[in-house]
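Enquirer: Provided below: structure34.csv, containing CSV, N, CA and C atoms.
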```csv
chain,number,residue,atom,x,y,z
F,1,MET,N,122.1,43.6,201.2
F,1,MET,CA,121.7,45.0,201.1
F,1,MET,C,120.3,45.0,200.5
F,2,ALA,N,119.5,45.8,201.1
F,2,ALA,CA,118.1,45.9,200.7
F,2,ALA,C,117.9,46.9,199.5
F,3,LEU,N,116.9,46.6,198.8
F,3,LEU,CA,116.6,47.5,197.6
F,3,LEU,C,116.1,48.8,198.1
F,4,THR,N,116.5,49.9,197.5
F,4,THR,CA,116.0,51.2,197.9
F,4,THR,C,114.7,51.6,197.1
F,5,GLU,N,114.1,52.7,197.4
F,5,GLU,CA,113.0,53.2,196.7
F,5,GLU,C,113.3,53.5,195.2
F,6,ARG,N,114.5,54.0,195.0
F,6,ARG,CA,115.0,54.3,193.7
F,6,ARG,C,115.1,53.0,192.9
F,7,ASP,N,115.6,51.9,193.5
F,7,ASP,CA,115.7,50.6,192.8
F,7,ASP,C,114.3,50.1,192.4
F,8,TYR,N,113.3,50.2,193.3
F,8,TYR,CA,112.0,49.8,193.0
F,8,TYR,C,111.4,50.6,191.9
F,9,ASP,N,111.6,51.9,191.9
F,9,ASP,CA,111.1,52.8,190.8
F,9,ASP,C,111.7,52.3,189.5
F,10,ALA,N,113.0,52.0,189.4
F,10,ALA,CA,113.6,51.5,188.2
F,10,ALA,C,113.0,50.2,187.7
F,11,ILE,N,112.7,49.3,188.6
F,11,ILE,CA,112.1,48.0,188.3
F,11,ILE,C,110.7,48.2,187.7
F,12,PHE,N,109.9,49.0,188.4
F,12,PHE,CA,108.5,49.3,187.9
F,12,PHE,C,108.5,50.0,186.6
F,13,GLU,N,109.5,50.9,186.3
F,13,GLU,CA,109.6,51.6,185.0
F,13,GLU,C,109.9,50.6,183.9
F,14,GLU,N,110.8,49.6,184.2
F,14,GLU,CA,111.1,48.6,183.2
F,14,GLU,C,109.8,47.8,182.9
F,15,ILE,N,109.1,47.4,183.9
F,15,ILE,CA,107.8,46.6,183.7
F,15,ILE,C,106.9,47.4,182.9
F,16,ARG,N,106.7,48.7,183.2
F,16,ARG,CA,105.7,49.6,182.4
F,16,ARG,C,106.1,49.7,181.0
F,17,ARG,N,107.4,49.8,180.7
F,17,ARG,CA,107.9,49.9,179.3
F,17,ARG,C,107.7,48.6,178.5
F,18,GLY,N,107.7,47.5,179.2
F,18,GLY,CA,107.5,46.2,178.6
F,18,GLY,C,106.1,45.8,178.3
F,19,ILE,N,105.1,46.5,178.9
F,19,ILE,CA,103.7,46.2,178.7
F,19,ILE,C,103.1,47.2,177.7
F,20,PRO,N,102.6,46.7,176.6
F,20,PRO,CA,102.0,47.7,175.6
F,20,PRO,C,100.8,48.3,176.2
F,21,PRO,N,100.4,49.5,175.8
F,21,PRO,CA,99.2,50.2,176.4
F,21,PRO,C,97.9,49.5,175.9
F,22,HIS,N,96.9,49.6,176.7
F,22,HIS,CA,95.6,49.1,176.4
F,22,HIS,C,95.0,49.9,175.2
F,23,GLU,N,94.4,49.2,174.4
F,23,GLU,CA,93.7,49.8,173.2
F,23,GLU,C,92.2,49.7,173.4
F,24,VAL,N,91.5,50.8,173.6
F,24,VAL,CA,90.1,50.7,173.8
F,24,VAL,C,89.4,51.3,172.6
F,25,THR,N,88.4,50.6,172.1
F,25,THR,CA,87.7,51.1,170.9
F,25,THR,C,86.2,50.9,171.2
F,26,TYR,N,85.4,51.7,170.5
F,26,TYR,CA,83.9,51.6,170.6
F,26,TYR,C,83.4,51.2,169.2
F,27,GLY,N,82.3,50.5,169.2
F,27,GLY,CA,81.7,50.2,167.9
F,27,GLY,C,80.3,49.6,168.1
F,28,LYS,N,79.6,49.6,167.0
F,28,LYS,CA,78.2,49.0,167.0
F,28,LYS,C,78.2,47.6,166.6
F,29,VAL,N,77.4,46.8,167.3
F,29,VAL,CA,77.3,45.3,167.0
F,29,VAL,C,76.6,45.1,165.7
F,30,VAL,N,77.2,44.4,164.8
F,30,VAL,CA,76.5,44.1,163.5
F,30,VAL,C,76.1,42.6,163.4
F,31,LYS,N,76.6,41.8,164.3
F,31,LYS,CA,76.2,40.4,164.3
F,31,LYS,C,76.5,39.9,165.7
F,32,ARG,N,75.7,38.9,166.1
F,32,ARG,CA,75.9,38.3,167.5
F,32,ARG,C,75.5,36.8,167.5
F,33,ASP,N,76.1,36.1,168.5
F,33,ASP,CA,75.9,34.7,168.7
F,33,ASP,C,75.6,34.6,170.2
F,34,GLU,N,74.4,34.5,170.6
F,34,GLU,CA,74.0,34.4,172.0
F,34,GLU,C,74.5,33.2,172.7
F,35,LYS,N,74.5,32.0,172.0
F,35,LYS,CA,74.9,30.8,172.6
F,35,LYS,C,76.4,30.8,172.9
F,36,LYS,N,77.2,31.2,172.0
F,36,LYS,CA,78.7,31.3,172.2
F,36,LYS,C,79.2,32.5,172.8
F,37,LYS,N,78.2,33.5,173.1
F,37,LYS,CA,78.6,34.8,173.7
F,37,LYS,C,79.7,35.5,172.9
F,38,LEU,N,79.3,35.8,171.6
F,38,LEU,CA,80.2,36.4,170.7
F,38,LEU,C,79.5,37.6,170.0
F,39,VAL,N,80.3,38.6,169.6
F,39,VAL,CA,79.7,39.7,168.8
F,39,VAL,C,80.7,40.0,167.7
F,40,TRP,N,80.2,40.7,166.7
F,40,TRP,CA,81.0,41.2,165.6
F,40,TRP,C,80.8,42.6,165.4
F,41,LEU,N,81.9,43.4,165.1
F,41,LEU,CA,81.8,44.8,164.8
F,41,LEU,C,82.3,45.0,163.4
F,42,LYS,N,81.8,46.1,162.7
F,42,LYS,CA,82.3,46.4,161.4
F,42,LYS,C,83.8,46.7,161.4
F,43,GLU,N,84.3,47.3,162.4
F,43,GLU,CA,85.7,47.7,162.5
F,43,GLU,C,86.6,46.5,162.6
F,44,TYR,N,86.1,45.3,163.0
F,44,TYR,CA,87.0,44.2,163.1
F,44,TYR,C,86.7,43.1,162.0
F,45,GLY,N,85.9,43.4,161.1
F,45,GLY,CA,85.6,42.5,160.0
F,45,GLY,C,84.9,41.2,160.4
F,46,ASP,N,85.5,40.1,160.0
F,46,ASP,CA,84.8,38.8,160.3
F,46,ASP,C,85.4,38.2,161.6
F,47,GLN,N,86.1,39.0,162.4
F,47,GLN,CA,86.7,38.4,163.6
F,47,GLN,C,85.7,38.5,164.7
F,48,ALA,N,85.4,37.3,165.3
F,48,ALA,CA,84.4,37.2,166.4
F,48,ALA,C,85.1,37.7,167.7
F,49,ILE,N,84.3,38.5,168.4
F,49,ILE,CA,84.8,39.1,169.7
F,49,ILE,C,84.1,38.5,170.8
F,50,PRO,N,84.8,37.8,171.7
F,50,PRO,CA,84.1,37.2,172.9
F,50,PRO,C,83.7,38.3,173.9
F,51,ILE,N,82.6,38.0,174.6
F,51,ILE,CA,82.1,38.8,175.7
F,51,ILE,C,82.8,38.5,176.9
F,52,VAL,N,83.4,39.5,177.6
F,52,VAL,CA,84.1,39.2,178.9
F,52,VAL,C,83.2,39.7,180.0
F,53,GLY,N,83.0,38.9,181.0
F,53,GLY,CA,82.2,39.3,182.1
F,53,GLY,C,82.3,38.3,183.2
F,54,LEU,N,81.7,38.5,184.3
F,54,LEU,CA,81.8,37.6,185.5
F,54,LEU,C,80.5,36.9,185.7
F,55,ARG,N,80.6,35.7,185.9
F,55,ARG,CA,79.4,34.9,186.4
F,55,ARG,C,79.3,35.2,187.9
F,56,GLN,N,78.1,35.5,188.3
F,56,GLN,CA,77.9,35.9,189.7
F,56,GLN,C,76.7,35.1,190.3
F,57,LYS,N,76.8,34.8,191.6
F,57,LYS,CA,75.8,34.2,192.3
F,57,LYS,C,75.1,35.3,193.1
F,58,VAL,N,73.7,35.4,192.9
F,58,VAL,CA,73.0,36.4,193.6
F,58,VAL,C,71.9,35.8,194.5
F,59,THR,N,71.6,36.5,195.5
F,59,THR,CA,70.6,36.0,196.4
F,59,THR,C,69.4,36.9,196.2
F,60,TYR,N,68.2,36.3,196.2
F,60,TYR,CA,67.0,37.1,196.1
F,60,TYR,C,65.9,36.5,196.9
F,61,TYR,N,64.8,37.2,197.2
F,61,TYR,CA,63.8,36.8,198.1
F,61,TYR,C,62.5,36.6,197.3
F,62,ASP,N,61.9,35.4,197.3
F,62,ASP,CA,60.7,35.1,196.5
F,62,ASP,C,59.6,35.2,197.5
F,63,THR,N,58.6,36.0,197.2
F,63,THR,CA,57.4,36.1,198.1
F,63,THR,C,56.3,35.2,197.5
F,64,THR,N,55.9,34.3,198.4
F,64,THR,CA,54.8,33.4,198.0
F,64,THR,C,53.7,33.6,199.0
F,65,PRO,N,52.5,33.0,198.7
F,65,PRO,CA,51.4,33.1,199.7
F,65,PRO,C,51.7,32.5,201.1
F,66,THR,N,52.7,31.6,201.1
F,66,THR,CA,53.0,30.9,202.4
F,66,THR,C,54.2,31.7,203.1
F,67,GLY,N,54.8,32.7,202.5
F,67,GLY,CA,55.8,33.4,203.1
F,67,GLY,C,56.9,33.8,202.2
F,68,VAL,N,58.0,34.2,202.7
F,68,VAL,CA,59.2,34.7,201.9
F,68,VAL,C,60.3,33.6,201.9
F,69,LYS,N,60.7,33.2,200.7
F,69,LYS,CA,61.8,32.2,200.6
F,69,LYS,C,63.1,32.8,200.1
F,70,LYS,N,64.1,32.5,200.7
F,70,LYS,CA,65.4,33.0,200.2
F,70,LYS,C,65.9,32.0,199.1
F,71,ARG,N,66.3,32.6,198.0
F,71,ARG,CA,66.7,31.8,196.8
F,71,ARG,C,68.0,32.3,196.3
F,72,GLU,N,68.7,31.5,195.5
F,72,GLU,CA,70.0,31.9,194.9
F,72,GLU,C,69.9,31.6,193.4
F,73,ALA,N,70.6,32.4,192.6
F,73,ALA,CA,70.6,32.1,191.2
F,73,ALA,C,72.0,32.6,190.6
F,74,VAL,N,72.4,31.9,189.5
F,74,VAL,CA,73.6,32.3,188.9
F,74,VAL,C,73.3,33.2,187.7
F,75,VAL,N,73.9,34.3,187.6
F,75,VAL,CA,73.7,35.3,186.5
F,75,VAL,C,74.9,35.4,185.6
F,76,GLU,N,74.7,35.5,184.3
F,76,GLU,CA,75.8,35.6,183.4
F,76,GLU,C,75.6,36.9,182.6
F,77,PRO,N,76.7,37.4,182.0
F,77,PRO,CA,76.6,38.6,181.2
F,77,PRO,C,75.7,38.4,180.0
F,78,GLU,N,74.9,39.4,179.6
F,78,GLU,CA,74.1,39.3,178.4
F,78,GLU,C,75.0,39.7,177.1
F,79,VAL,N,74.6,39.1,176.0
F,79,VAL,CA,75.2,39.5,174.8
F,79,VAL,C,74.5,40.7,174.2
F,80,PRO,N,75.3,41.8,173.9
F,80,PRO,CA,74.8,43.0,173.5
F,80,PRO,C,73.9,42.8,172.2
F,81,LYS,N,72.9,43.6,172.1
F,81,LYS,CA,71.9,43.5,171.0
F,81,LYS,C,72.5,44.1,169.7
F,82,LEU,N,71.9,43.8,168.6
F,82,LEU,CA,72.4,44.4,167.3
F,82,LEU,C,72.2,45.9,167.4
F,83,GLY,N,73.2,46.6,166.9
F,83,GLY,CA,73.1,48.1,166.9
F,83,GLY,C,73.6,48.7,168.2
F,84,GLU,N,73.8,48.0,169.2
F,84,GLU,CA,74.2,48.6,170.5
F,84,GLU,C,75.7,49.0,170.4
F,85,LEU,N,76.0,50.1,171.0
F,85,LEU,CA,77.4,50.6,171.1
F,85,LEU,C,78.1,49.8,172.2
F,86,VAL,N,79.3,49.2,171.9
F,86,VAL,CA,80.0,48.4,172.9
F,86,VAL,C,81.4,48.9,173.0
F,87,VAL,N,82.0,48.5,174.2
F,87,VAL,CA,83.4,48.8,174.5
F,87,VAL,C,84.2,47.6,174.2
F,88,VAL,N,85.3,47.7,173.4
F,88,VAL,CA,86.2,46.6,173.1
F,88,VAL,C,87.6,46.9,173.5
F,89,LEU,N,88.2,46.0,174.2
F,89,LEU,CA,89.5,46.2,174.8
F,89,LEU,C,90.5,45.2,174.1
F,90,ARG,N,91.6,45.7,173.7
F,90,ARG,CA,92.7,44.8,173.3
F,90,ARG,C,93.8,45.0,174.4
F,91,GLN,N,93.7,44.1,175.3
F,91,GLN,CA,94.5,44.2,176.5
F,91,GLN,C,96.0,44.3,176.4
F,92,MET,N,96.5,43.6,175.4
F,92,MET,CA,98.0,43.6,175.3
F,92,MET,C,98.4,44.2,173.9
F,93,GLY,N,97.6,45.1,173.4
F,93,GLY,CA,98.0,45.8,172.2
F,93,GLY,C,97.2,45.4,171.0
F,94,SER,N,97.4,46.0,169.8
F,94,SER,CA,96.6,45.8,168.7
F,94,SER,C,96.7,44.4,168.0
F,95,ARG,N,97.7,43.7,168.3
F,95,ARG,CA,97.9,42.4,167.7
F,95,ARG,C,97.2,41.2,168.5
F,96,ARG,N,96.6,41.6,169.6
F,96,ARG,CA,96.0,40.5,170.4
F,96,ARG,C,94.5,40.4,170.2
F,97,LEU,N,93.9,39.3,170.6
F,97,LEU,CA,92.5,39.1,170.5
F,97,LEU,C,91.7,40.1,171.2
F,98,PRO,N,90.8,40.8,170.6
F,98,PRO,CA,89.9,41.8,171.3
F,98,PRO,C,88.9,41.1,172.2
F,99,LYS,N,88.5,41.8,173.2
F,99,LYS,CA,87.5,41.3,174.1
F,99,LYS,C,86.4,42.4,174.3
F,100,CYS,N,85.1,42.0,174.3
F,100,CYS,CA,84.1,43.0,174.4
F,100,CYS,C,83.7,43.0,175.9
F,101,LEU,N,83.8,44.2,176.5
F,101,LEU,CA,83.5,44.4,177.9
F,101,LEU,C,82.0,44.6,178.1
F,102,GLY,N,81.3,45.0,177.1
F,102,GLY,CA,79.8,45.2,177.2
F,102,GLY,C,79.4,46.5,176.6
F,103,PRO,N,78.1,46.7,176.7
F,103,PRO,CA,77.5,47.9,176.0
F,103,PRO,C,77.8,49.2,176.8
F,104,VAL,N,77.8,50.3,176.1
F,104,VAL,CA,77.9,51.6,176.7
F,104,VAL,C,76.5,51.9,177.2
F,105,LEU,N,76.3,52.1,178.5
F,105,LEU,CA,75.0,52.2,179.1
F,105,LEU,C,74.5,53.6,179.2
F,106,SER,N,75.5,54.6,179.3
F,106,SER,CA,75.1,56.0,179.4
F,106,SER,C,75.1,56.7,178.1
F,107,ARG,N,74.1,57.4,177.8
F,107,ARG,CA,74.0,58.2,176.6
F,107,ARG,C,74.2,59.7,176.9
F,108,ALA,N,74.4,60.0,178.2
F,108,ALA,CA,74.7,61.4,178.6
F,108,ALA,C,76.2,61.7,178.5
F,109,GLY,N,76.5,62.9,178.3
F,109,GLY,CA,77.9,63.3,178.2
F,109,GLY,C,78.5,62.9,176.9
F,110,SER,N,79.8,63.0,176.8
F,110,SER,CA,80.4,62.7,175.5
F,110,SER,C,81.3,61.5,175.7
F,111,TYR,N,81.3,60.6,174.7
F,111,TYR,CA,82.2,59.5,174.6
F,111,TYR,C,82.5,59.2,173.2
F,112,VAL,N,83.6,58.5,173.0
F,112,VAL,CA,84.1,58.2,171.6
F,112,VAL,C,83.1,57.2,171.0
F,113,GLY,N,82.8,57.4,169.7
F,113,GLY,CA,82.0,56.4,169.0
F,113,GLY,C,80.6,56.8,168.8
F,114,GLY,N,80.1,57.9,169.4
F,114,GLY,CA,78.8,58.4,169.2
F,114,GLY,C,77.7,57.5,169.4
```
The structure given in the file should be rewritten as structure tokens.
Expert:
Amino acid sequence: MALTERDYDAIFEEIRRGIPPHEVTYGKVVKRDEKKKLVWLKEYGDQAIPIVGLRQKVTYYDTTPTGVKKREAVVEPEVPKLGELVVVLRQMGSRRLPKCLGPVLSRAGSYVGG
């Protein structure tokens, strides 16, 4: 006997109840370690927060006197500067290791953390 849509809804509801909600906070960087890609925020005390990002391969074109050359480079996320407002996510609730997603880039509109 195949599962019905109601059965699937019940399964997904149980999964949703078992996963704690994401906790998103904002804070200003008070200390940073560029080499290890870590930041510290006042709200988290002496707990180092790793920067989460994707390493990407990009293609760019270099113009030289002899012509245009296609080149590739690997780019990594930057460590936010001191005083920058960053977004921190605790993916599996408040008891888990926080992860810094990066700086808040827009100053327009309203957002938590000022």
Enquirer: Report the distance between atom CA of F:Val29 and atom CA of F:Pro80 in Å, rounded to one decimal place.
Expert: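 Separating atom CA of F:Val29 from atom CA of F:Pro80 is a distance of 7.3 Å.
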Enquirer: Which distance in Å separates atom CA of F:Leu41 and atom C of F:Lys28, to one decimal?
Expert: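 Separation between atom CA of F:Leu41 and atom C of F:Lys28: 4.9 Å.
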Enquirer: Could you tell me how far atom C of F:Glu78 lies from atom N of F:Thr64, in Å and to one decimal?
Expert: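 Distance reported for this atom pair: 29.1 Å.
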Enquirer: Just want the 6.5 Å neighbourhood of stretch 30-34 of chain F, counted on all atoms listed in the file, with same-chain residues fewer than 6 positions away dropped. Output as a PyMOL selection string.
Expert: chain F and resi 40-42+79+82-83
Enquirer: Could you tell me which of F:Ala73, F:Leu101, F:Asp7, F:Thr25 comes closest to F:Tyr61 if we count only C-alpha atoms?
Expert: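 Closest residue, counting only C-alpha atoms: F:Ala73.
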Enquirer: For F:Val24, which residue out of F:Arg96, F:Lys57, F:Arg90, F:Arg71 is the nearest one, using only C-alpha atoms?
Expert: F:Arg90
Enquirer: Mind listing as an NGL selection string all residues within 10 Å of (88.6, 48.9, 178.6), counting only C-alpha atoms?
Expert: :F and (22-26 or 87-91 or 99-102)
Enquirer: Pick out the closest residue to F:Gly27 from this set: F:Val52, F:Val86, F:Glu5, F:Tyr60. Count only N, CA and C atoms.
Expert: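 Residue with the minimum atom-to-atom distance to F:Gly27: F:Val86.
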Enquirer: Compare F:Glu43, F:Val75, F:Lys37, F:Leu85 by their minimum atom-to-atom distance to F:Val58, counting only C-alpha atoms, and give me the closest one.
Expert: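 With only C-alpha atoms as the atom set, the closest residue is F:Val75.
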Enquirer: So, counting only C-alpha atoms, which residue among F:Glu76, F:Asp62, F:Glu84, F:Asp9 is closest to F:Val39?
Expert: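 Closest residue, counting only C-alpha atoms: F:Glu84.
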Enquirer: Generate the missing atoms of stretch 25-36 of chain F up to all heavy atoms and report them as a PDB file, keeping the file's coordinate frame.
Expert:
```
ATOM      1  N   THR F  25      88.400  50.600 172.100  1.00  0.00           N
ATOM      2  CA  THR F  25      87.700  51.100 170.900  1.00  0.00           C
ATOM      3  C   THR F  25      86.200  50.900 171.200  1.00  0.00           C
ATOM      4  O   THR F  25      85.806  50.200 172.128  1.00  0.00           O
ATOM      5  CB  THR F  25      88.015  50.366 169.618  1.00  0.00           C
ATOM      6  OG1 THR F  25      87.769  48.975 169.806  1.00  0.00           O
ATOM      7  CG2 THR F  25      89.448  50.567 169.213  1.00  0.00           C
ATOM      8  N   TYR F  26      85.400  51.700 170.500  1.00  0.00           N
ATOM      9  CA  TYR F  26      83.900  51.600 170.600  1.00  0.00           C
ATOM     10  C   TYR F  26      83.400  51.200 169.200  1.00  0.00           C
ATOM     11  O   TYR F  26      83.952  51.654 168.189  1.00  0.00           O
ATOM     12  CB  TYR F  26      83.355  52.931 171.007  1.00  0.00           C
ATOM     13  CG  TYR F  26      83.826  53.397 172.351  1.00  0.00           C
ATOM     14  CD1 TYR F  26      85.019  54.081 172.491  1.00  0.00           C
ATOM     15  CD2 TYR F  26      83.071  53.154 173.490  1.00  0.00           C
ATOM     16  CE1 TYR F  26      85.460  54.515 173.724  1.00  0.00           C
ATOM     17  CE2 TYR F  26      83.500  53.591 174.731  1.00  0.00           C
ATOM     18  CZ  TYR F  26      84.697  54.262 174.839  1.00  0.00           C
ATOM     19  OH  TYR F  26      85.130  54.694 176.063  1.00  0.00           O
ATOM     20  N   GLY F  27      82.300  50.500 169.200  1.00  0.00           N
ATOM     21  CA  GLY F  27      81.700  50.200 167.900  1.00  0.00           C
ATOM     22  C   GLY F  27      80.300  49.600 168.100  1.00  0.00           C
ATOM     23  O   GLY F  27      79.936  49.189 169.179  1.00  0.00           O
ATOM     24  N   LYS F  28      79.600  49.600 167.000  1.00  0.00           N
ATOM     25  CA  LYS F  28      78.200  49.000 167.000  1.00  0.00           C
ATOM     26  C   LYS F  28      78.200  47.600 166.600  1.00  0.00           C
ATOM     27  O   LYS F  28      78.876  47.178 165.667  1.00  0.00           O
ATOM     28  CB  LYS F  28      77.265  49.831 166.137  1.00  0.00           C
ATOM     29  CG  LYS F  28      77.006  51.207 166.695  1.00  0.00           C
ATOM     30  CD  LYS F  28      75.963  51.949 165.924  1.00  0.00           C
ATOM     31  CE  LYS F  28      75.759  53.318 166.569  1.00  0.00           C
ATOM     32  NZ  LYS F  28      74.772  54.108 165.875  1.00  0.00           N
ATOM     33  N   VAL F  29      77.400  46.800 167.300  1.00  0.00           N
ATOM     34  CA  VAL F  29      77.300  45.300 167.000  1.00  0.00           C
ATOM     35  C   VAL F  29      76.600  45.100 165.700  1.00  0.00           C
ATOM     36  O   VAL F  29      75.460  45.650 165.542  1.00  0.00           O
ATOM     37  CB  VAL F  29      76.554  44.614 168.188  1.00  0.00           C
ATOM     38  CG1 VAL F  29      76.349  43.143 167.875  1.00  0.00           C
ATOM     39  CG2 VAL F  29      77.301  44.793 169.502  1.00  0.00           C
ATOM     40  N   VAL F  30      77.200  44.400 164.800  1.00  0.00           N
ATOM     41  CA  VAL F  30      76.500  44.100 163.500  1.00  0.00           C
ATOM     42  C   VAL F  30      76.100  42.600 163.400  1.00  0.00           C
ATOM     43  O   VAL F  30      75.253  42.308 162.551  1.00  0.00           O
ATOM     44  CB  VAL F  30      77.467  44.425 162.318  1.00  0.00           C
ATOM     45  CG1 VAL F  30      77.744  45.920 162.260  1.00  0.00           C
ATOM     46  CG2 VAL F  30      78.756  43.634 162.387  1.00  0.00           C
ATOM     47  N   LYS F  31      76.600  41.800 164.300  1.00  0.00           N
ATOM     48  CA  LYS F  31      76.200  40.400 164.300  1.00  0.00           C
ATOM     49  C   LYS F  31      76.500  39.900 165.700  1.00  0.00           C
ATOM     50  O   LYS F  31      77.349  40.346 166.393  1.00  0.00           O
ATOM     51  CB  LYS F  31      77.056  39.608 163.279  1.00  0.00           C
ATOM     52  CG  LYS F  31      76.736  38.142 163.143  1.00  0.00           C
ATOM     53  CD  LYS F  31      77.643  37.523 162.075  1.00  0.00           C
ATOM     54  CE  LYS F  31      77.534  36.021 162.072  1.00  0.00           C
ATOM     55  NZ  LYS F  31      78.499  35.411 161.144  1.00  0.00           N
ATOM     56  N   ARG F  32      75.700  38.900 166.100  1.00  0.00           N
ATOM     57  CA  ARG F  32      75.900  38.300 167.500  1.00  0.00           C
ATOM     58  C   ARG F  32      75.500  36.800 167.500  1.00  0.00           C
ATOM     59  O   ARG F  32      74.783  36.348 166.694  1.00  0.00           O
ATOM     60  CB  ARG F  32      75.008  39.088 168.480  1.00  0.00           C
ATOM     61  CG  ARG F  32      73.527  38.934 168.251  1.00  0.00           C
ATOM     62  CD  ARG F  32      72.686  39.980 168.956  1.00  0.00           C
ATOM     63  NE  ARG F  32      72.572  39.805 170.369  1.00  0.00           N
ATOM     64  CZ  ARG F  32      71.478  39.426 171.003  1.00  0.00           C
ATOM     65  NH1 ARG F  32      70.388  39.146 170.339  1.00  0.00           N
ATOM     66  NH2 ARG F  32      71.463  39.299 172.302  1.00  0.00           N
ATOM     67  N   ASP F  33      76.100  36.100 168.500  1.00  0.00           N
ATOM     68  CA  ASP F  33      75.900  34.700 168.700  1.00  0.00           C
ATOM     69  C   ASP F  33      75.600  34.600 170.200  1.00  0.00           C
ATOM     70  O   ASP F  33      76.568  34.600 170.982  1.00  0.00           O
ATOM     71  CB  ASP F  33      77.032  33.844 168.243  1.00  0.00           C
ATOM     72  CG  ASP F  33      76.759  32.352 168.386  1.00  0.00           C
ATOM     73  OD1 ASP F  33      75.939  31.967 169.255  1.00  0.00           O
ATOM     74  OD2 ASP F  33      77.369  31.574 167.644  1.00  0.00           O
ATOM     75  N   GLU F  34      74.400  34.500 170.600  1.00  0.00           N
ATOM     76  CA  GLU F  34      74.000  34.400 172.000  1.00  0.00           C
ATOM     77  C   GLU F  34      74.500  33.200 172.700  1.00  0.00           C
ATOM     78  O   GLU F  34      75.003  33.243 173.822  1.00  0.00           O
ATOM     79  CB  GLU F  34      72.491  34.488 172.171  1.00  0.00           C
ATOM     80  CG  GLU F  34      71.935  35.870 171.979  1.00  0.00           C
ATOM     81  CD  GLU F  34      70.475  35.944 172.370  1.00  0.00           C
ATOM     82  OE1 GLU F  34      70.207  35.970 173.585  1.00  0.00           O
ATOM     83  OE2 GLU F  34      69.640  35.966 171.456  1.00  0.00           O
ATOM     84  N   LYS F  35      74.500  32.000 172.000  1.00  0.00           N
ATOM     85  CA  LYS F  35      74.900  30.800 172.600  1.00  0.00           C
ATOM     86  C   LYS F  35      76.400  30.800 172.900  1.00  0.00           C
ATOM     87  O   LYS F  35      76.810  30.376 174.022  1.00  0.00           O
ATOM     88  CB  LYS F  35      74.560  29.606 171.695  1.00  0.00           C
ATOM     89  CG  LYS F  35      74.767  28.269 172.317  1.00  0.00           C
ATOM     90  CD  LYS F  35      74.224  27.168 171.444  1.00  0.00           C
ATOM     91  CE  LYS F  35      74.330  25.847 172.176  1.00  0.00           C
ATOM     92  NZ  LYS F  35      73.646  24.776 171.489  1.00  0.00           N
ATOM     93  N   LYS F  36      77.200  31.200 172.000  1.00  0.00           N
ATOM     94  CA  LYS F  36      78.700  31.300 172.200  1.00  0.00           C
ATOM     95  C   LYS F  36      79.200  32.500 172.800  1.00  0.00           C
ATOM     96  O   LYS F  36      80.356  32.695 173.090  1.00  0.00           O
ATOM     97  CB  LYS F  36      79.377  31.052 170.855  1.00  0.00           C
ATOM     98  CG  LYS F  36      79.135  29.676 170.275  1.00  0.00           C
ATOM     99  CD  LYS F  36      79.874  29.511 168.976  1.00  0.00           C
ATOM    100  CE  LYS F  36      79.603  28.149 168.371  1.00  0.00           C
ATOM    101  NZ  LYS F  36      80.256  28.004 167.067  1.00  0.00           N
TER     102      LYS F  36
END
```
